Amino acid sequence: MELDYPALGQRLRHIRKSQNMTQETLAEKVGIEPSNISHIERAASKVGLNTLVKIANVLGVSVNDLLCDSILCERAAFENQLADLTRDCSPKELRLITDLVCAMKDSMRKREYDK
C-alpha cells in the first residue's frame, strides 16, 4: 500500500484545527515555512520523515495517528479518533452513535465488506 498523501493532509489539518493552531504557528514550531504546511495539507508536496516526526511531536500525536489511513493494521489510531469524536457527546448522542455503528457493522459483515 502506498502512502495516502491526501488522507494524511486531511488528518493533519483536522488535528491542527482541533488544537486551534494555525498553519503559521505549526510551521514555526516545526521549523519550516507556513507554505510547507499548506502544501502538505493539500497533498501538493510530499512530506519527509523528519518533518513528519516533528509535526507529530508538536501536535502531541503519534506518527501512526497521522498515517493511519496508509497503515493496514493501525487500529489504535482509529480507536483514539472515535474516542475524541465522542468525548463531548451527550448520553443520547452516544446511544445514537452506538446504534449506528452497530447497524453499520452488522451490514458490513453480512455483505462481507472486508473480503
# chains A, B, ... in the order shown; residues from 1 in each chain; ligands from 1

$ residues_around --residues "Lys29 of chain A" --least-positions-apart "5" --cutoff "12 Å" --atoms "only C-alpha atoms" --output "PDB file with all heavy atoms, in the first residue's frame"
ATOM      1  N   MET A  21      -4.747  25.602  16.233  1.00  0.00           N
ATOM      2  CA  MET A  21      -3.412  26.015  15.821  1.00  0.00           C
ATOM      3  C   MET A  21      -3.452  26.427  14.354  1.00  0.00           C
ATOM      4  O   MET A  21      -4.045  25.733  13.525  1.00  0.00           O
ATOM      5  CB  MET A  21      -2.421  24.860  16.021  1.00  0.00           C
ATOM      6  CG  MET A  21      -0.970  25.266  15.833  1.00  0.00           C
ATOM      7  SD  MET A  21       0.202  23.906  16.098  1.00  0.00           S
ATOM      8  CE  MET A  21      -0.109  23.484  17.808  1.00  0.00           C
ATOM      9  N   THR A  22      -2.831  27.536  14.048  1.00  0.00           N
ATOM     10  CA  THR A  22      -2.758  27.984  12.657  1.00  0.00           C
ATOM     11  C   THR A  22      -1.612  27.259  11.944  1.00  0.00           C
ATOM     12  O   THR A  22      -0.715  26.702  12.576  1.00  0.00           O
ATOM     13  CB  THR A  22      -2.494  29.499  12.575  1.00  0.00           C
ATOM     14  OG1 THR A  22      -1.198  29.770  13.129  1.00  0.00           O
ATOM     15  CG2 THR A  22      -3.568  30.287  13.308  1.00  0.00           C
ATOM     16  N   GLN A  23      -1.644  27.326  10.628  1.00  0.00           N
ATOM     17  CA  GLN A  23      -0.547  26.771   9.845  1.00  0.00           C
ATOM     18  C   GLN A  23       0.754  27.490  10.190  1.00  0.00           C
ATOM     19  O   GLN A  23       1.814  26.866  10.282  1.00  0.00           O
ATOM     20  CB  GLN A  23      -0.830  26.904   8.348  1.00  0.00           C
ATOM     21  CG  GLN A  23      -1.908  25.990   7.840  1.00  0.00           C
ATOM     22  CD  GLN A  23      -2.162  26.152   6.353  1.00  0.00           C
ATOM     23  OE1 GLN A  23      -1.785  27.146   5.737  1.00  0.00           O
ATOM     24  NE2 GLN A  23      -2.828  25.167   5.767  1.00  0.00           N
ATOM     25  N   GLU A  24       0.660  28.785  10.407  1.00  0.00           N
ATOM     26  CA  GLU A  24       1.843  29.582  10.724  1.00  0.00           C
ATOM     27  C   GLU A  24       2.468  29.147  12.051  1.00  0.00           C
ATOM     28  O   GLU A  24       3.689  29.002  12.157  1.00  0.00           O
ATOM     29  CB  GLU A  24       1.495  31.077  10.763  1.00  0.00           C
ATOM     30  CG  GLU A  24       1.129  31.668   9.417  1.00  0.00           C
ATOM     31  CD  GLU A  24      -0.292  31.340   8.942  1.00  0.00           C
ATOM     32  OE1 GLU A  24      -1.127  30.876   9.756  1.00  0.00           O
ATOM     33  OE2 GLU A  24      -0.556  31.522   7.743  1.00  0.00           O
ATOM     34  N   PRO A  34       5.443  28.314   6.529  1.00  0.00           N
ATOM     35  CA  PRO A  34       4.000  28.060   6.565  1.00  0.00           C
ATOM     36  C   PRO A  34       3.459  27.474   5.261  1.00  0.00           C
ATOM     37  O   PRO A  34       2.539  26.649   5.280  1.00  0.00           O
ATOM     38  CB  PRO A  34       3.407  29.438   6.840  1.00  0.00           C
ATOM     39  CG  PRO A  34       4.493  30.183   7.544  1.00  0.00           C
ATOM     40  CD  PRO A  34       5.779  29.674   6.941  1.00  0.00           C
ATOM     41  N   ILE A  37       3.393  23.682   5.284  1.00  0.00           N
ATOM     42  CA  ILE A  37       2.242  23.066   5.962  1.00  0.00           C
ATOM     43  C   ILE A  37       1.046  23.053   5.012  1.00  0.00           C
ATOM     44  O   ILE A  37       0.350  22.042   4.880  1.00  0.00           O
ATOM     45  CB  ILE A  37       1.887  23.799   7.272  1.00  0.00           C
ATOM     46  CG1 ILE A  37       3.053  23.755   8.270  1.00  0.00           C
ATOM     47  CG2 ILE A  37       0.614  23.229   7.899  1.00  0.00           C
ATOM     48  CD1 ILE A  37       3.413  22.369   8.773  1.00  0.00           C
ATOM     49  N   THR A  51      10.396  15.707   8.984  1.00  0.00           N
ATOM     50  CA  THR A  51       9.372  16.741   9.163  1.00  0.00           C
ATOM     51  C   THR A  51       8.109  16.148   9.742  1.00  0.00           C
ATOM     52  O   THR A  51       7.481  16.738  10.630  1.00  0.00           O
ATOM     53  CB  THR A  51       9.074  17.447   7.827  1.00  0.00           C
ATOM     54  OG1 THR A  51      10.297  18.021   7.330  1.00  0.00           O
ATOM     55  CG2 THR A  51       8.024  18.520   7.983  1.00  0.00           C
ATOM     56  N   LYS A  54       8.556  15.656  13.424  1.00  0.00           N
ATOM     57  CA  LYS A  54       8.499  16.947  14.115  1.00  0.00           C
ATOM     58  C   LYS A  54       7.052  17.430  14.235  1.00  0.00           C
ATOM     59  O   LYS A  54       6.640  17.925  15.292  1.00  0.00           O
ATOM     60  CB  LYS A  54       9.338  17.989  13.374  1.00  0.00           C
ATOM     61  CG  LYS A  54      10.822  17.773  13.500  1.00  0.00           C
ATOM     62  CD  LYS A  54      11.583  18.827  12.696  1.00  0.00           C
ATOM     63  CE  LYS A  54      13.074  18.573  12.705  1.00  0.00           C
ATOM     64  NZ  LYS A  54      13.794  19.558  11.879  1.00  0.00           N
ATOM     65  N   ILE A  55       6.283  17.302  13.173  1.00  0.00           N
ATOM     66  CA  ILE A  55       4.873  17.710  13.190  1.00  0.00           C
ATOM     67  C   ILE A  55       4.117  16.906  14.250  1.00  0.00           C
ATOM     68  O   ILE A  55       3.355  17.460  15.043  1.00  0.00           O
ATOM     69  CB  ILE A  55       4.236  17.539  11.798  1.00  0.00           C
ATOM     70  CG1 ILE A  55       4.792  18.590  10.832  1.00  0.00           C
ATOM     71  CG2 ILE A  55       2.714  17.617  11.879  1.00  0.00           C
ATOM     72  CD1 ILE A  55       4.404  18.366   9.379  1.00  0.00           C
ATOM     73  N   ALA A  56       4.312  15.592  14.252  1.00  0.00           N
ATOM     74  CA  ALA A  56       3.625  14.735  15.236  1.00  0.00           C
ATOM     75  C   ALA A  56       3.993  15.149  16.649  1.00  0.00           C
ATOM     76  O   ALA A  56       3.111  15.242  17.526  1.00  0.00           O
ATOM     77  CB  ALA A  56       3.979  13.265  14.988  1.00  0.00           C
ATOM     78  N   ASN A  57       5.270  15.426  16.895  1.00  0.00           N
ATOM     79  CA  ASN A  57       5.708  15.827  18.234  1.00  0.00           C
ATOM     80  C   ASN A  57       5.095  17.157  18.655  1.00  0.00           C
ATOM     81  O   ASN A  57       4.654  17.303  19.797  1.00  0.00           O
ATOM     82  CB  ASN A  57       7.237  15.892  18.302  1.00  0.00           C
ATOM     83  CG  ASN A  57       7.863  14.522  18.340  1.00  0.00           C
ATOM     84  OD1 ASN A  57       7.253  13.556  18.772  1.00  0.00           O
ATOM     85  ND2 ASN A  57       9.093  14.437  17.872  1.00  0.00           N
ATOM     86  N   VAL A  58       5.047  18.117  17.743  1.00  0.00           N
ATOM     87  CA  VAL A  58       4.457  19.417  18.065  1.00  0.00           C
ATOM     88  C   VAL A  58       2.967  19.270  18.371  1.00  0.00           C
ATOM     89  O   VAL A  58       2.443  19.887  19.299  1.00  0.00           O
ATOM     90  CB  VAL A  58       4.684  20.434  16.924  1.00  0.00           C
ATOM     91  CG1 VAL A  58       3.825  21.679  17.110  1.00  0.00           C
ATOM     92  CG2 VAL A  58       6.159  20.816  16.834  1.00  0.00           C
ATOM     93  N   LEU A  59       2.274  18.429  17.611  1.00  0.00           N
ATOM     94  CA  LEU A  59       0.837  18.240  17.805  1.00  0.00           C
ATOM     95  C   LEU A  59       0.522  17.292  18.963  1.00  0.00           C
ATOM     96  O   LEU A  59      -0.629  17.155  19.365  1.00  0.00           O
ATOM     97  CB  LEU A  59       0.193  17.719  16.518  1.00  0.00           C
ATOM     98  CG  LEU A  59       0.203  18.685  15.338  1.00  0.00           C
ATOM     99  CD1 LEU A  59      -0.322  17.994  14.086  1.00  0.00           C
ATOM    100  CD2 LEU A  59      -0.617  19.932  15.649  1.00  0.00           C
TER     101      LEU A  59
END

$ closest_atom_pairs --of "segment 5-40 of chain A" --to "segment 75-82 of chain A" --cutoff "12 Å" --atoms "only C-alpha atoms" --output "Markdown table"
| residue | atom | partner | partner_atom | distance |
| --- | --- | --- | --- | --- |
| A:Arg11 | CA | A:Gln81 | CA | 10.3 |
| A:His14 | CA | A:Gln81 | CA | 10.8 |
| A:Ile15 | CA | A:Gln81 | CA | 9.9 |
| A:Ser18 | CA | A:Gln81 | CA | 11.7 |

$ write_last_selection --atoms "N, CA, C and O atoms" --output "mmCIF file, in the first residue's frame"
data_model
loop_
_atom_site.group_PDB
_atom_site.id
_atom_site.type_symbol
_atom_site.label_atom_id
_atom_site.label_comp_id
_atom_site.auth_asym_id
_atom_site.auth_seq_id
_atom_site.Cartn_x
_atom_site.Cartn_y
_atom_site.Cartn_z
ATOM 1 N N ARG A 11 -6.010 14.625 7.623
ATOM 2 C CA ARG A 11 -5.880 14.260 9.036
ATOM 3 C C ARG A 11 -5.041 15.309 9.767
ATOM 4 O O ARG A 11 -5.379 15.735 10.871
ATOM 5 N N HIS A 14 -7.148 18.402 10.267
ATOM 6 C CA HIS A 14 -8.153 18.174 11.307
ATOM 7 C C HIS A 14 -7.525 18.266 12.704
ATOM 8 O O HIS A 14 -8.052 18.942 13.587
ATOM 9 N N ILE A 15 -6.395 17.607 12.898
ATOM 10 C CA ILE A 15 -5.741 17.616 14.209
ATOM 11 C C ILE A 15 -5.263 19.022 14.547
ATOM 12 O O ILE A 15 -5.444 19.501 15.672
ATOM 13 N N SER A 18 -8.219 21.163 15.414
ATOM 14 C CA SER A 18 -8.841 20.761 16.684
ATOM 15 C C SER A 18 -8.057 21.309 17.869
ATOM 16 O O SER A 18 -8.586 21.429 18.965
#

$ atom_distance --atom1 "atom CA of Ala43 of chain A" --atom2 "atom CA of Gly9 of chain A"
5.9 Å

$ select_by_dssp --residues "chain A" --states "helix (DSSP H, G or I)" --output "PyMOL selection string"
chain A and resi 5-18+23-30+34-41+49-59+63-67+75-86+91-110
